[in-house]
Amino acid sequence: MDFSLPPEVEAFRAEVRAFLAEHVTDEVIERAHATGTMHDWGLHRQMAAEGWLSAGWPAEFGGQGRSPLEMNALTEEMYLSGAPVDGLGVASLVAHTLLIDGTDWQKRTVIPRILSGEVMCCLGYSEPDAGSDVAACATRAVRDGDEWVINGQKMFTTLAHEAHYVFLLTRTNPDVAKHEGLTMFLVPMDTPGIEITPVHTMGGERTNITFYTDVRVDDRHRVGEVDGGWKVMMTALVFERNSAWYGECVRLLDTAVAWATSARDADGRRLIDDPLVRERLARAAVGNEVANLLGWRAAWMAAEGQLPGVEGTMAKLFTTEHYQQAADDLIDILGPEGLRRHGEPGAAADGWVEATYRHCQVTTIYGGTSEVCRGIIAERGLGLPRSRSSR
Amino acid sequence: MDLALSGEQEALRDTVARFFSKVASAERVRAAEPLGFDAAVWRGLADMGVPTMAADGGATLADVSVVAREAGAHLAPVPIVEAAVTNRLLTRCAHAVDDTTVRTLALRPATGGRAALVPGGAVAAEVVVLGGGDLLLVRPGPTGERRAPANLGSAPLADIDITAGRRSLLTPADGSAVDEHARALDEWRALTASWLVGLGRAALDLGVSYVKDRRQFGVPIGSFQAVQHRLADLATALDGAALLADKAVWTLDTDAPGAATFPAMAFSYCGEAAQRAAAASLHLHGGYGFMEEYDIQLHFRRAKAARLVLADPCRELVGLADRLFGPVETSTGAGR
Ligand SMILES: Cc1cc2nc3c(=O)[nH]c(=O)nc-3n(C[C@H](O)[C@H](O)[C@H](O)COP(=O)(O)OP(=O)(O)OC[C@H]3O[C@@H](n4cnc5c(N)ncnc54)[C@H](O)[C@@H]3O)c2cc1C
């Protein structure tokens with residue numbers, strides 16, 4: 001066994017880290033925090049210019065052919081830096097899915113524009129009545145000659161207000177089993193009939209409701225077969241990232257340790273010298289290492305040509321559950337001072353632990369809730385008999 | 001990066017797994033209670049050269065870890081981790097070692113002339129003890145000098161009187177007695193972590209196969225989400241624990257950054273994961289899990305015992321904090 005990363009991965013990591021140290025300024029971080037939009041066009045296009053949007057792509061797409069290990073290091077560094085890069089994740093997920101399931105026209109016209117940082121995508125899966133059971137999707141697409149007419153509503157269409165395309169899951173056949181009547185589209189956001197309503201969240205992130213009224217799109221915007229949308233979903237789910245939250249966990253712990261090292265109790269002792277504080281910091285540190293290793297295992301398996309479906313799910317489940325536990329423990333050690341928000345003068349740890357405590361609650365919900373993850377691990381990993389709720 | 005066992009390690013794992021299945025079956029584990037030692041199992045390991053395999057630089061701790069994980073999975077009634085660690089420590093003190101002699105070390109310094117609850121101490125011919133800042137090799141006599149109390153984990157623990165019996169002073173080639181003992185203790189932490197992962201996974205497997213078979217309300221209980229989700233969490237925790245134990249061993253073998261922190265992290269986390277797995281698995285057996293006749297109680301008791309034999313797990317975490325964040329500042333600071 002060898003837990004060290006190959007020198008080329010470490011070298012790439014160092015390169016990325018140096019770039020991010022320069023470009024992920026406090027201003028970038030503050031702007032994302034203030035607007036709730038976890039995407040920054042300036043940073044996004046600088047990263048595209050460095051070739052990092054396409055770093056994992058083959059040379060024919062202008063990519064650098066980076067390995068899964070290098071890509072994991074890149075993702076890890078991005079989130080360690082605190083950069084608002086959710087948009088980057090979505091864009092590369094859509095581009096990868098198009099590469100596998102898209103038409104030649106889509107590959108030729110859309111992929112290069114995504115990889116160059118010119119356009120952004122958002123994901124239109126969730127609906128008011130279709131969340132975890134995403135195949136219950138009811139947004140209707142009806143064929144009309146060479147066109148499709150789309151009517152319906154999507155919930156939580158994050159980044160819709162910045163995006164040029166929505167990767168839209170629709171129902172094309174209501175008369176068959178739910179998984180068999182779905183079709184995926186990549187719909188330009190400037191198509192008449194699309195409306196966006198902002199949704200503000202407890203964590204400060206902005207998301208949206210999107211409405212689709214008689215939206216007409218050419219058939220060339222269809223991704224995959226008619227009624228073959230579930231297969232496209234399966235491809236897209238493989239590209240959901242899971243290294244994001246490890247970086248956030250590390251930032252949280254670093255913030256708490258820095259605070260506890262400088263803060264003093266009423267007797268002038270450093271808070272970090274209090275065993276009650278030390279135990280919780282140590283516990284968070286252990287969980288961070290476990291999260292790190294589970295994430296790297298999935299990346300390593302991918303590098304070895306395996307498909308880490310269950311292992312990636314374990315990394316997501318563990319890291320997000322641990323993240324919440326750690327945020328809960330670490331806001332507690334701040335005591336009442338932990339209540340002051342970011343931006344308040346004198347806020348403990350500049351209010352970042354409070355902000356994290358709110359934000360991290362969503363991490364066990366999106367990208368597959370913890371319950372959905374546990375179902376996958378139980379049934380696909382442990383081979384337990386199917387439960388009634390996974391049908 | 002390579003997270004797989006080497007070909008030789010796979011062969012070693014298969015060999016010891018086969019051996020334990022035959023010689024350390026659940027019946028034999030039960031028969032060895034309450035003392036928790038089976039001389040035939042020890043002889044088998046000695047014949048394979050396991051106790052000293054990593055003492056002379058021939059094998060690595062990672063190789064011993066492969067054996068430790070299988071030993072944990074089978075609850076093999078032998079102090080193999082203790083012996084491997086002690087033989088390495090003795091080699092660093094230029095003291096000859098061999099495979100047949102059972103050796104162990106006291107995890108905590110002796111106090112008042114006594115080393116308390118020494119793992120393997122009830123059956124070891126030689127015990128390394130840290131006493132008064134010195135490393136001593138103690139050879140307890142046949143009577144009086146050690147007492148083996150009945151204990152939660154049915155482990156061969158003993159309280160050893162180090163003032164009686166034969167003893168000699170050990171001199172580490174380099175490093176102080178205290179440092180060398182600390183190093184041995186970290187090796188013990190990392191290898192016991194691996195042992196606990198083996199135990200935890202075996203306990204989880206018992207639970208998983210039980211819930212696939214057992215039917216209530218007309219369906220296998222393993223189809224209930226309340227059952228599935230608990231097992232999914234534990235499978236995840238144990239995979240994380242296995243990686244952490246493997247990394248701890250690797251940091252020690254390669255003297256990598258993290259060698260000072262990973263053994264303690266692994267011991268803490270693997271112990272917790274194994275204990276939770278055994279407890280959940282017992283619970284999912286319903287009333288049967290509580291019966292002596294079912295094997296899961298064997299895992300349940302040993303998981304807790306292997307953690308607690310070192311220290312209060314909370315104190316272990318506080319000790320880990322010293323390594324992660326530096327020692328506690330004793331003088332009051334500039335506060336006011
Ligand atoms: C900030 C934010 C951003 C998001 N961004 C996007 C986006 O960009 N695009 C997009 O399409 N979606 C997005 N989502 C939606 C997200 O994917 C869904 O919220 C998620 O899939 C859960 O669906 P739901 O909210 O309808 O909850 P539900 O599915 O109704 O779940 C409610 C509860 O029931 C539990 N539950 C559901 N099914 C089961 C089951 N089978 N077994 C056991 N328990 C179950 C869940 O675990 C959960 O705890 C976002 C959500 C948020 C909050």
# chains A, B, ... in the order shown; residues from 1 in each chain; ligands from 1

$ closest_atom_pairs --of "chain A" --to "ligand 1" --cutoff "8 Å" --atoms "only C-alpha atoms and all ligand atoms" --output "JSON lines"
{"residue": "A:Cys122", "atom": "CA", "partner": "ligand 1", "partner_atom_place_in_ligand_line": "8 (O)", "distance": 6.0}
{"residue": "A:Leu123", "atom": "CA", "partner": "ligand 1", "partner_atom_place_in_ligand_line": "9 (N)", "distance": 4.4}
{"residue": "A:Gly124", "atom": "CA", "partner": "ligand 1", "partner_atom_place_in_ligand_line": "11 (O)", "distance": 4.5}
{"residue": "A:Tyr125", "atom": "CA", "partner": "ligand 1", "partner_atom_place_in_ligand_line": "11 (O)", "distance": 3.5}
{"residue": "A:Ser126", "atom": "CA", "partner": "ligand 1", "partner_atom_place_in_ligand_line": "11 (O)", "distance": 3.9}
{"residue": "A:Glu127", "atom": "CA", "partner": "ligand 1", "partner_atom_place_in_ligand_line": "26 (O)", "distance": 7.0}
{"residue": "A:Pro128", "atom": "CA", "partner": "ligand 1", "partner_atom_place_in_ligand_line": "26 (O)", "distance": 6.6}
{"residue": "A:Asp129", "atom": "CA", "partner": "ligand 1", "partner_atom_place_in_ligand_line": "26 (O)", "distance": 6.5}
{"residue": "A:Ala130", "atom": "CA", "partner": "ligand 1", "partner_atom_place_in_ligand_line": "26 (O)", "distance": 5.7}
{"residue": "A:Gly131", "atom": "CA", "partner": "ligand 1", "partner_atom_place_in_ligand_line": "26 (O)", "distance": 3.2}
{"residue": "A:Ser132", "atom": "CA", "partner": "ligand 1", "partner_atom_place_in_ligand_line": "29 (O)", "distance": 3.6}
{"residue": "A:Asp133", "atom": "CA", "partner": "ligand 1", "partner_atom_place_in_ligand_line": "29 (O)", "distance": 6.1}
{"residue": "A:Val134", "atom": "CA", "partner": "ligand 1", "partner_atom_place_in_ligand_line": "21 (O)", "distance": 7.3}
{"residue": "A:Lys154", "atom": "CA", "partner": "ligand 1", "partner_atom_place_in_ligand_line": "11 (O)", "distance": 7.3}
{"residue": "A:Met155", "atom": "CA", "partner": "ligand 1", "partner_atom_place_in_ligand_line": "12 (N)", "distance": 6.5}
{"residue": "A:Phe156", "atom": "CA", "partner": "ligand 1", "partner_atom_place_in_ligand_line": "13 (C)", "distance": 4.5}
{"residue": "A:Thr157", "atom": "CA", "partner": "ligand 1", "partner_atom_place_in_ligand_line": "8 (O)", "distance": 4.3}
{"residue": "A:Thr158", "atom": "CA", "partner": "ligand 1", "partner_atom_place_in_ligand_line": "8 (O)", "distance": 3.9}
{"residue": "A:Leu159", "atom": "CA", "partner": "ligand 1", "partner_atom_place_in_ligand_line": "8 (O)", "distance": 6.9}
{"residue": "A:Thr201", "atom": "CA", "partner": "ligand 1", "partner_atom_place_in_ligand_line": "1 (C)", "distance": 6.6}
{"residue": "A:Gly203", "atom": "CA", "partner": "ligand 1", "partner_atom_place_in_ligand_line": "1 (C)", "distance": 7.8}
{"residue": "A:Glu205", "atom": "CA", "partner": "ligand 1", "partner_atom_place_in_ligand_line": "1 (C)", "distance": 6.2}
{"residue": "A:Arg206", "atom": "CA", "partner": "ligand 1", "partner_atom_place_in_ligand_line": "1 (C)", "distance": 7.0}
{"residue": "A:Thr207", "atom": "CA", "partner": "ligand 1", "partner_atom_place_in_ligand_line": "3 (C)", "distance": 5.9}
{"residue": "A:Val362", "atom": "CA", "partner": "ligand 1", "partner_atom_place_in_ligand_line": "53 (C)", "distance": 5.7}
{"residue": "A:Ile365", "atom": "CA", "partner": "ligand 1", "partner_atom_place_in_ligand_line": "20 (C)", "distance": 5.4}
{"residue": "A:Tyr366", "atom": "CA", "partner": "ligand 1", "partner_atom_place_in_ligand_line": "17 (O)", "distance": 4.1}
{"residue": "A:Gly367", "atom": "CA", "partner": "ligand 1", "partner_atom_place_in_ligand_line": "17 (O)", "distance": 5.4}
{"residue": "A:Gly368", "atom": "CA", "partner": "ligand 1", "partner_atom_place_in_ligand_line": "21 (O)", "distance": 5.4}
{"residue": "A:Thr369", "atom": "CA", "partner": "ligand 1", "partner_atom_place_in_ligand_line": "47 (O)", "distance": 4.7}
{"residue": "A:Ser370", "atom": "CA", "partner": "ligand 1", "partner_atom_place_in_ligand_line": "47 (O)", "distance": 5.9}
{"residue": "A:Glu371", "atom": "CA", "partner": "ligand 1", "partner_atom_place_in_ligand_line": "47 (O)", "distance": 4.5}
{"residue": "A:Val372", "atom": "CA", "partner": "ligand 1", "partner_atom_place_in_ligand_line": "40 (C)", "distance": 6.0}
{"residue": "A:Gly375", "atom": "CA", "partner": "ligand 1", "partner_atom_place_in_ligand_line": "42 (N)", "distance": 7.2}
{"residue": "A:Ser389", "atom": "CA", "partner": "ligand 1", "partner_atom_place_in_ligand_line": "41 (N)", "distance": 4.4}
{"residue": "A:Ser390", "atom": "CA", "partner": "ligand 1", "partner_atom_place_in_ligand_line": "41 (N)", "distance": 5.1}
{"residue": "A:Arg391", "atom": "CA", "partner": "ligand 1", "partner_atom_place_in_ligand_line": "41 (N)", "distance": 7.9}

$ interface_residues --of "chain A" --to "chain B" --cutoff "8 Å" --atoms "only C-alpha atoms" --output "ChimeraX atom specification"
/A:1-6,264-270,272-273,275,278-279,281-283,286,289-291,293-294,297,300,314-315,318,371,374-375,377-379,382,384-388

$ residues_around --residues "range 91-98 of chain A" --least-positions-apart "4" --cutoff "7 Å" --atoms "only C-alpha atoms" --output "ChimeraX atom specification"
/A:87,102,107,111,114,120-121,235-236,239-240

$ write_last_selection --atoms "N, CA, C and O atoms" --output "PDB file, in the first residue's frame"
ATOM      1  N   GLY A  87     -20.685  26.280  -9.804  1.00  0.00           N
ATOM      2  CA  GLY A  87     -21.008  26.379 -11.222  1.00  0.00           C
ATOM      3  C   GLY A  87     -20.074  25.534 -12.063  1.00  0.00           C
ATOM      4  O   GLY A  87     -20.484  24.874 -13.015  1.00  0.00           O
ATOM      5  N   GLY A 102     -24.618  12.811 -25.773  1.00  0.00           N
ATOM      6  CA  GLY A 102     -25.047  13.904 -26.649  1.00  0.00           C
ATOM      7  C   GLY A 102     -24.887  13.583 -28.130  1.00  0.00           C
ATOM      8  O   GLY A 102     -24.230  12.611 -28.511  1.00  0.00           O
ATOM      9  N   LYS A 107     -22.016  18.017 -29.186  1.00  0.00           N
ATOM     10  CA  LYS A 107     -20.593  17.916 -28.821  1.00  0.00           C
ATOM     11  C   LYS A 107     -19.790  19.021 -29.469  1.00  0.00           C
ATOM     12  O   LYS A 107     -18.877  19.585 -28.878  1.00  0.00           O
ATOM     13  N   ILE A 111     -20.158  21.687 -26.032  1.00  0.00           N
ATOM     14  CA  ILE A 111     -19.032  21.312 -25.157  1.00  0.00           C
ATOM     15  C   ILE A 111     -17.909  22.357 -25.192  1.00  0.00           C
ATOM     16  O   ILE A 111     -17.457  22.810 -24.130  1.00  0.00           O
ATOM     17  N   ILE A 114     -18.766  25.378 -23.161  1.00  0.00           N
ATOM     18  CA  ILE A 114     -18.734  25.135 -21.704  1.00  0.00           C
ATOM     19  C   ILE A 114     -17.286  25.136 -21.217  1.00  0.00           C
ATOM     20  O   ILE A 114     -16.931  25.804 -20.240  1.00  0.00           O
ATOM     21  N   MET A 120     -22.604  28.761 -19.027  1.00  0.00           N
ATOM     22  CA  MET A 120     -22.830  28.063 -17.759  1.00  0.00           C
ATOM     23  C   MET A 120     -24.139  27.273 -17.875  1.00  0.00           C
ATOM     24  O   MET A 120     -25.028  27.670 -18.634  1.00  0.00           O
ATOM     25  N   CYS A 121     -24.207  26.176 -17.126  1.00  0.00           N
ATOM     26  CA  CYS A 121     -25.417  25.344 -17.146  1.00  0.00           C
ATOM     27  C   CYS A 121     -26.022  25.272 -15.746  1.00  0.00           C
ATOM     28  O   CYS A 121     -25.361  25.549 -14.754  1.00  0.00           O
ATOM     29  N   THR A 235     -26.013   8.440 -16.282  1.00  0.00           N
ATOM     30  CA  THR A 235     -24.688   8.928 -16.696  1.00  0.00           C
ATOM     31  C   THR A 235     -24.326  10.163 -15.888  1.00  0.00           C
ATOM     32  O   THR A 235     -23.226  10.272 -15.329  1.00  0.00           O
ATOM     33  N   ALA A 236     -25.282  11.102 -15.796  1.00  0.00           N
ATOM     34  CA  ALA A 236     -24.997  12.384 -15.138  1.00  0.00           C
ATOM     35  C   ALA A 236     -24.674  12.181 -13.657  1.00  0.00           C
ATOM     36  O   ALA A 236     -23.813  12.862 -13.093  1.00  0.00           O
ATOM     37  N   PHE A 239     -21.165  11.668 -12.528  1.00  0.00           N
ATOM     38  CA  PHE A 239     -20.250  12.802 -12.512  1.00  0.00           C
ATOM     39  C   PHE A 239     -20.520  13.787 -11.375  1.00  0.00           C
ATOM     40  O   PHE A 239     -19.912  14.845 -11.319  1.00  0.00           O
ATOM     41  N   GLU A 240     -21.468  13.462 -10.497  1.00  0.00           N
ATOM     42  CA  GLU A 240     -21.672  14.344  -9.343  1.00  0.00           C
ATOM     43  C   GLU A 240     -20.428  14.243  -8.471  1.00  0.00           C
ATOM     44  O   GLU A 240     -19.933  13.173  -8.179  1.00  0.00           O
TER      45      GLU A 240
END

$ residues_around --residues "range 24-37 of chain B" --least-positions-apart "5" --cutoff "7 Å" --atoms "only C-alpha atoms" --output "list in words"
His74, Leu75, Ala76, Pro77, Val78, Ala150, Ser154, Ala155 and Pro156 of chain B

$ write_last_selection --atoms "N, CA and C atoms" --output "compact mmCIF listing (two decimals), in the first residue's frame"
# COMPACT_ATOMS: atom_id res chain seq x y z
N HIS B 74 -11.39 -13.22 13.40
CA HIS B 74 -11.67 -14.55 13.96
C HIS B 74 -11.62 -14.55 15.48
N LEU B 75 -11.36 -13.42 16.09
CA LEU B 75 -11.23 -13.31 17.55
C LEU B 75 -10.19 -14.30 18.06
N ALA B 76 -9.14 -14.50 17.27
CA ALA B 76 -8.13 -15.51 17.60
C ALA B 76 -7.58 -15.27 19.01
N PRO B 77 -7.66 -16.29 19.88
CA PRO B 77 -7.26 -16.09 21.28
C PRO B 77 -5.75 -16.16 21.48
N VAL B 78 -5.06 -15.17 20.94
CA VAL B 78 -3.59 -15.05 21.09
C VAL B 78 -3.23 -13.57 21.10
N ALA B 150 -10.90 -12.23 35.80
CA ALA B 150 -11.95 -12.41 34.79
C ALA B 150 -12.32 -11.02 34.28
N SER B 154 -12.87 -11.32 27.97
CA SER B 154 -12.25 -12.65 28.09
C SER B 154 -10.87 -12.65 27.47
N ALA B 155 -10.08 -11.66 27.84
CA ALA B 155 -8.72 -11.52 27.31
C ALA B 155 -7.73 -11.92 28.39
N PRO B 156 -6.55 -12.39 27.98
CA PRO B 156 -5.56 -12.83 28.97
C PRO B 156 -4.84 -11.64 29.63

$ atom_distance --atom1 "CA of Ala73 in chain A" --atom2 "CA of Ala326 in chain A"
23.0 Å

$ closest_residue --among "A:Leu276, A:Ser81, A:Ala284, A:Ala355" --to "Ala34 in chain A" --atoms "only C-alpha atoms"
A:Ala355

$ select_by_dssp --residues "range 59-198 of chain B" --states "strand (DSSP E or B)" --output "number ranges by chain"
B: 103-105, 111, 114-118, 126-131, 134-139, 146-147, 158-161, 166-170

$ residues_around --residues "Met38 in chain A" --least-positions-apart "2" --cutoff "7 Å" --atoms "only C-alpha atoms" --output "ChimeraX atom specification"
/A:32,36,40,84-87

$ residues_around --residues "range 323-325 of chain A" --least-positions-apart "5" --cutoff "7 Å" --atoms "only C-alpha atoms" --output "ChimeraX atom specification"
/A:249,360-361

$ write_last_selection --atoms "all heavy atoms" --output "PDB file, in the first residue's frame"
ATOM      1  N   CYS A 249     -14.934  20.997   5.310  1.00  0.00           N
ATOM      2  CA  CYS A 249     -14.685  20.509   6.676  1.00  0.00           C
ATOM      3  C   CYS A 249     -13.330  20.991   7.189  1.00  0.00           C
ATOM      4  O   CYS A 249     -13.181  21.351   8.365  1.00  0.00           O
ATOM      5  CB  CYS A 249     -14.703  18.979   6.726  1.00  0.00           C
ATOM      6  SG  CYS A 249     -16.298  18.236   6.393  1.00  0.00           S
ATOM      7  N   CYS A 360     -24.152  23.988   6.250  1.00  0.00           N
ATOM      8  CA  CYS A 360     -23.874  22.552   6.124  1.00  0.00           C
ATOM      9  C   CYS A 360     -25.145  21.695   6.210  1.00  0.00           C
ATOM     10  O   CYS A 360     -25.123  20.532   5.815  1.00  0.00           O
ATOM     11  CB  CYS A 360     -22.835  22.107   7.154  1.00  0.00           C
ATOM     12  SG  CYS A 360     -23.444  22.073   8.835  1.00  0.00           S
ATOM     13  N   GLN A 361     -26.226  22.277   6.687  1.00  0.00           N
ATOM     14  CA  GLN A 361     -27.453  21.475   6.787  1.00  0.00           C
ATOM     15  C   GLN A 361     -27.943  20.998   5.426  1.00  0.00           C
ATOM     16  O   GLN A 361     -28.595  19.962   5.321  1.00  0.00           O
ATOM     17  CB  GLN A 361     -28.566  22.274   7.503  1.00  0.00           C
ATOM     18  CG  GLN A 361     -28.183  22.809   8.873  1.00  0.00           C
ATOM     19  CD  GLN A 361     -27.618  21.742   9.809  1.00  0.00           C
ATOM     20  OE1 GLN A 361     -28.115  20.614   9.854  1.00  0.00           O
ATOM     21  NE2 GLN A 361     -26.583  22.090  10.552  1.00  0.00           N
TER      22      GLN A 361
END

$ atom_distance --atom1 "CA of Thr52 in chain B" --atom2 "CA of Ala73 in chain B"
21.2 Å

$ residues_around --residues "range 141-146 of chain B" --least-positions-apart "2" --cutoff "6 Å" --atoms "only C-alpha atoms" --output "list in words"
Asp159, Ile160, Asp161 and Gly165 of chain B

$ atom_distance --atom1 "CA of Phe300 in chain B" --atom2 "CA of Leu107 in chain B"
22.3 Å

$ closest_residue --among "B:Asn151, B:Gln275, B:Gln297, B:Thr60" --to "Glu187 in chain B" --atoms "only C-alpha atoms"
B:Thr60

$ closest_residue --among "B:Pro263, B:Ala306, B:Leu45, B:Gly207" --to "Tyr294 in chain B" --atoms "only C-alpha atoms"
B:Gly207

$ closest_residue --among "B:Val41, B:Val123, B:Val178, B:Ala260" --to "Arg108 in chain B" --atoms "only C-alpha atoms"
B:Val178

$ select_by_dssp --residues "range 121-339 of chain A" --states "alpha helix (DSSP H)" --output "ChimeraX atom specification"
/A:229-238,244-262,275-303,309-334
